[in-house]
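Undergrad: The following file, target.cif, comprises mmCIF, C-alpha atoms:
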data_upload
loop_
_atom_site.label_atom_id
_atom_site.label_comp_id
_atom_site.auth_asym_id
_atom_site.auth_seq_id
_atom_site.Cartn_x
_atom_site.Cartn_y
_atom_site.Cartn_z
CA MET C 216 116.29 134.48 141.94
CA LYS C 217 112.65 135.33 142.49
CA THR C 218 111.94 132.78 145.23
CA ALA C 219 113.53 129.65 146.61
CA SER C 220 110.77 127.65 144.90
CA ASP C 221 111.42 129.16 141.44
CA PRO C 222 111.66 126.18 139.04
CA ARG C 223 114.85 127.57 137.47
CA HIS C 224 116.48 127.85 140.89
CA LEU C 225 115.39 124.33 141.83
CA HIS C 226 116.83 123.04 138.56
CA ARG C 227 120.15 124.78 139.29
CA GLN C 228 120.19 123.23 142.77
CA LYS C 229 119.86 119.78 141.21
CA MET C 230 122.61 120.58 138.72
CA VAL C 231 124.97 121.72 141.50
CA GLN C 232 124.20 118.57 143.47
CA GLU C 233 124.91 116.39 140.42
CA LEU C 234 128.13 118.28 139.67
CA PHE C 235 129.20 117.83 143.29
CA ALA C 236 128.46 114.09 143.15
CA TRP C 237 130.18 113.78 139.76
CA SER C 238 133.29 115.59 141.08
CA THR C 239 133.65 113.05 143.88
CA LEU C 240 132.90 110.04 141.68
CA PRO C 241 132.84 110.70 137.91
CA ALA C 242 130.84 107.50 137.33
CA ASN C 243 127.81 109.15 138.99
CA LYS C 244 124.79 109.87 136.84
CA THR C 245 124.81 113.07 134.84
CA LYS C 246 121.12 113.31 133.98
CA ASN C 247 120.97 117.12 134.16
CA ILE C 248 124.61 117.96 133.46
CA PRO C 249 125.98 116.06 130.43
CA GLN C 250 126.56 119.29 128.51
CA ILE C 251 128.60 120.64 131.44
CA VAL C 252 130.62 117.44 131.86
CA ASN C 253 131.41 117.48 128.13
CA ARG C 254 132.97 120.96 128.57
CA ILE C 255 134.58 120.36 131.95
CA ARG C 256 138.17 120.82 130.74
CA ASP C 257 137.35 124.18 129.15
CA ILE C 258 135.36 125.25 132.21
CA ASP C 259 138.17 124.25 134.58
CA LYS C 260 140.73 126.18 132.48
CA ILE C 261 138.59 129.30 132.90
CA ILE C 262 138.27 128.70 136.65
CA THR C 263 142.03 128.18 136.95
CA LYS C 264 142.71 131.39 135.04
CA PHE C 265 140.43 133.51 137.23
CA ALA C 266 141.18 131.80 140.55
CA PRO C 267 144.93 131.35 139.98
CA GLU C 268 145.74 130.91 143.66
CA TRP C 269 143.55 127.79 143.75
CA GLU C 270 143.99 124.59 141.79
CA THR C 271 140.60 123.08 140.97
CA ASP C 272 141.32 120.03 143.11
CA LYS C 273 141.92 122.35 146.10
CA ILE C 274 138.68 124.35 145.73
CA TYR C 275 135.90 123.39 148.14
CA LYS C 276 133.81 120.88 146.14
CA ALA C 277 130.53 122.77 146.58
CA ASP C 278 132.16 126.00 145.37
CA LEU C 279 133.68 124.17 142.41
CA ALA C 280 130.30 122.74 141.42
CA ILE C 281 128.72 126.20 141.60
CA LEU C 282 131.55 127.77 139.60
CA ARG C 283 131.35 125.06 136.97
CA LEU C 284 127.64 125.64 136.52
CA ALA C 285 128.00 129.43 136.41
CA ILE C 286 130.94 129.40 134.00
CA TYR C 287 129.07 126.98 131.76
CA GLU C 288 126.06 129.29 131.74
CA LEU C 289 128.17 132.40 131.11
CA ALA C 290 130.62 131.02 128.55
CA PHE C 291 128.76 128.32 126.70
CA ALA C 292 124.98 128.24 127.27
CA LYS C 293 124.46 132.02 127.22
CA THR C 294 120.71 131.64 127.79
CA GLU C 295 120.40 133.84 130.89
CA PRO C 296 121.44 137.44 131.53
CA LEU C 297 124.84 137.77 133.22
CA LYS C 298 123.31 139.32 136.33
CA VAL C 299 120.91 136.41 136.75
CA VAL C 300 123.72 133.84 136.51
CA ILE C 301 125.86 135.68 139.07
CA ASP C 302 122.95 136.28 141.47
CA GLU C 303 121.99 132.62 141.25
CA ALA C 304 125.58 131.48 141.82
CA ILE C 305 125.85 133.64 144.94
CA GLU C 306 122.52 132.32 146.24
CA LEU C 307 123.66 128.75 145.62
CA ALA C 308 126.91 129.54 147.44
CA LYS C 309 124.89 130.72 150.45
CA GLU C 310 122.90 127.48 150.38
CA PHE C 311 125.63 124.93 149.69
CA GLY C 312 128.90 126.65 150.57
CA ASN C 313 130.59 127.89 153.69
CA GLU C 314 130.81 131.44 155.05
CA THR C 315 133.44 132.50 152.48
CA SER C 316 131.80 130.85 149.47
CA PRO C 317 129.62 133.75 148.28
CA SER C 318 132.54 136.20 148.19
CA PHE C 319 134.84 133.63 146.56
CA ILE C 320 132.27 132.82 143.86
CA ASN C 321 131.56 136.51 143.30
CA GLY C 322 135.28 137.26 143.02
CA VAL C 323 136.00 134.55 140.46
CA LEU C 324 132.94 135.38 138.35
CA GLY C 325 133.65 139.11 138.63
CA ALA C 326 137.24 138.61 137.43
CA TYR C 327 135.93 136.53 134.53
CA LEU C 328 133.43 139.20 133.50
CA LYS C 329 135.97 142.04 133.82
CA ASN C 330 138.10 140.25 131.25
CA ASP C 331 135.36 140.27 128.62
CA HIS C 332 134.44 136.71 129.64
CA PRO C 333 136.78 134.90 127.27
CA ILE C 334 136.49 131.30 126.30
CA LEU C 335 139.90 129.67 126.40
#
Will you turn the file into structure tokens for me?
TA:
Amino acid sequence: MKTASDPRHLHRQKMVQELFAWSTLPANKTKNIPQIVNRIRDIDKIITKFAPEWETDKIYKADLAILRLAIYELAFAKTEPLKVVIDEAIELAKEFGNETSPSFINGVLGAYLKNDHPIL
């Protein structure tokens, strides 16, 4: 993340907000996230594998939205360097999560990357 006003960061913020809203009420609009919603089962399988102590319905909703976006970018979109995706996810966790969110996000994404980032 270059700055908080970086257009890519602002776009990710909107995507996290939409994913959060969608996770609480799936009928919510998915203007910026239809490609993520279409892969949500695959994304959630990856999250479950690399955060095995947490079922997705028990993960803090903001953290889940951030993880879903990051896993989508890492496993399916593959348009950004890995470091950029992880740095952005941690920054988003600082903005939207609680005090443990950045380390939780980093841990799940780190475990995913250590396992050659498989797609299930």
Undergrad: Please write the residues picked by the PyMOL selection byres ((chain C and resi 248-258) around 9) on this file as a PDB file with C-alpha atoms, in the frame of the given file.
TA:
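Output below, filename out_0.pdb:
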ATOM      1  CA  MET C 230     122.610 120.580 138.720  1.00  0.00           C
ATOM      2  CA  VAL C 231     124.970 121.720 141.500  1.00  0.00           C
ATOM      3  CA  GLU C 233     124.910 116.390 140.420  1.00  0.00           C
ATOM      4  CA  LEU C 234     128.130 118.280 139.670  1.00  0.00           C
ATOM      5  CA  TRP C 237     130.180 113.780 139.760  1.00  0.00           C
ATOM      6  CA  LYS C 244     124.790 109.870 136.840  1.00  0.00           C
ATOM      7  CA  THR C 245     124.810 113.070 134.840  1.00  0.00           C
ATOM      8  CA  LYS C 246     121.120 113.310 133.980  1.00  0.00           C
ATOM      9  CA  ASN C 247     120.970 117.120 134.160  1.00  0.00           C
ATOM     10  CA  ASP C 259     138.170 124.250 134.580  1.00  0.00           C
ATOM     11  CA  LYS C 260     140.730 126.180 132.480  1.00  0.00           C
ATOM     12  CA  ILE C 261     138.590 129.300 132.900  1.00  0.00           C
ATOM     13  CA  ILE C 262     138.270 128.700 136.650  1.00  0.00           C
ATOM     14  CA  THR C 263     142.030 128.180 136.950  1.00  0.00           C
ATOM     15  CA  LEU C 282     131.550 127.770 139.600  1.00  0.00           C
ATOM     16  CA  ARG C 283     131.350 125.060 136.970  1.00  0.00           C
ATOM     17  CA  LEU C 284     127.640 125.640 136.520  1.00  0.00           C
ATOM     18  CA  ILE C 286     130.940 129.400 134.000  1.00  0.00           C
ATOM     19  CA  TYR C 287     129.070 126.980 131.760  1.00  0.00           C
ATOM     20  CA  ALA C 290     130.620 131.020 128.550  1.00  0.00           C
ATOM     21  CA  PHE C 291     128.760 128.320 126.700  1.00  0.00           C
ATOM     22  CA  ILE C 334     136.490 131.300 126.300  1.00  0.00           C
ATOM     23  CA  LEU C 335     139.900 129.670 126.400  1.00  0.00           C
TER      24      LEU C 335
END
Undergrad: Nearest to Tyr327 of chain C: which of C:Ala285, C:Ala242, C:Ala308, C:Leu279 is it, counting all atoms listed in the file?
TA: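 Nearest candidate to Tyr327 of chain C out of C:Ala285, C:Ala242, C:Ala308, C:Leu279: C:Ala285.
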Undergrad: Between atom CA of Ala280 of chain C and atom CA of Ala236 of chain C, what distance in Å does the model show, to one decimal?
TA: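 Computing the Euclidean distance for atom CA of Ala280 of chain C and atom CA of Ala236 of chain C yields 9.0 Å.
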Undergrad: Atom CA of Asp278 of chain C to atom CA of Leu240 of chain C: how many Å, to one decimal?
TA: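 Taking atom CA of Asp278 of chain C and atom CA of Leu240 of chain C, their separation equals 16.4 Å.
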Undergrad: What is the distance between atom CA of Asp272 of chain C and atom CA of Thr294 of chain C, in Å to one decimal?
TA: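 About the pair atom CA of Asp272 of chain C and atom CA of Thr294 of chain C: they are 28.2 Å apart.
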Undergrad: With a distance cut-off of 7 Å and only C-alpha atoms, select the neighbouring residues of Val323 of chain C, excluding the residue or stretch itself and same-chain residues fewer than 3 positions from it, and output the selection as a list in words.
TA: Phe265, Ala266, Phe319, Ile320, Ala326 and Tyr327 of chain C
Undergrad: Could you tell me which of C:Asp221, C:Glu270, C:Glu303, C:Glu310 comes closest to Glu288 of chain C if we count only C-alpha atoms?
TA: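 Ranked by minimum distance to Glu288 of chain C, first place goes to C:Glu303.
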Undergrad: Just so the selection is clear, what residues does the PyMOL selection byres ((chain C and resi 224) around 12) cover here, as a list in words?
TA: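 After applying the PyMOL selection byres ((chain C and resi 224) around 12), what remains is Met216, Lys217, Thr218, Ala219, Ser220, Asp221, Pro222, Arg223, Leu225, His226, Arg227, Gln228, Lys229, Met230, Val231, Val299, Val300, Asp302, Glu303, Ala304, Ile305, Glu306, Leu307 and Glu310 of chain C.
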Undergrad: Would you give the centre and edge lengths, in Å to one decimal, of a box along x, y and z around the listed atoms of segment 294-301 of chain C, with 3 Å added to each side, as AutoDock Vina command-line options?
TA:
--center_x 123.1 --center_y 135.5 --center_z 133.4 --size_x 11.5 --size_y 13.7 --size_z 17.3
Undergrad: I need the residue nearest Asn321 of chain C from this list: C:Lys293, C:Lys273, C:Lys264, C:Lys298. Use all atoms listed in the file for the distance.
TA: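 That would be C:Lys298, the residue with the smallest distance to Asn321 of chain C.
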Undergrad: So, counting all atoms listed in the file, which residue among C:Leu289, C:Glu295, C:Lys276, C:Gly312 is closest to Leu324 of chain C?
TA: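 Under the stated criterion, the closest residue is C:Leu289.
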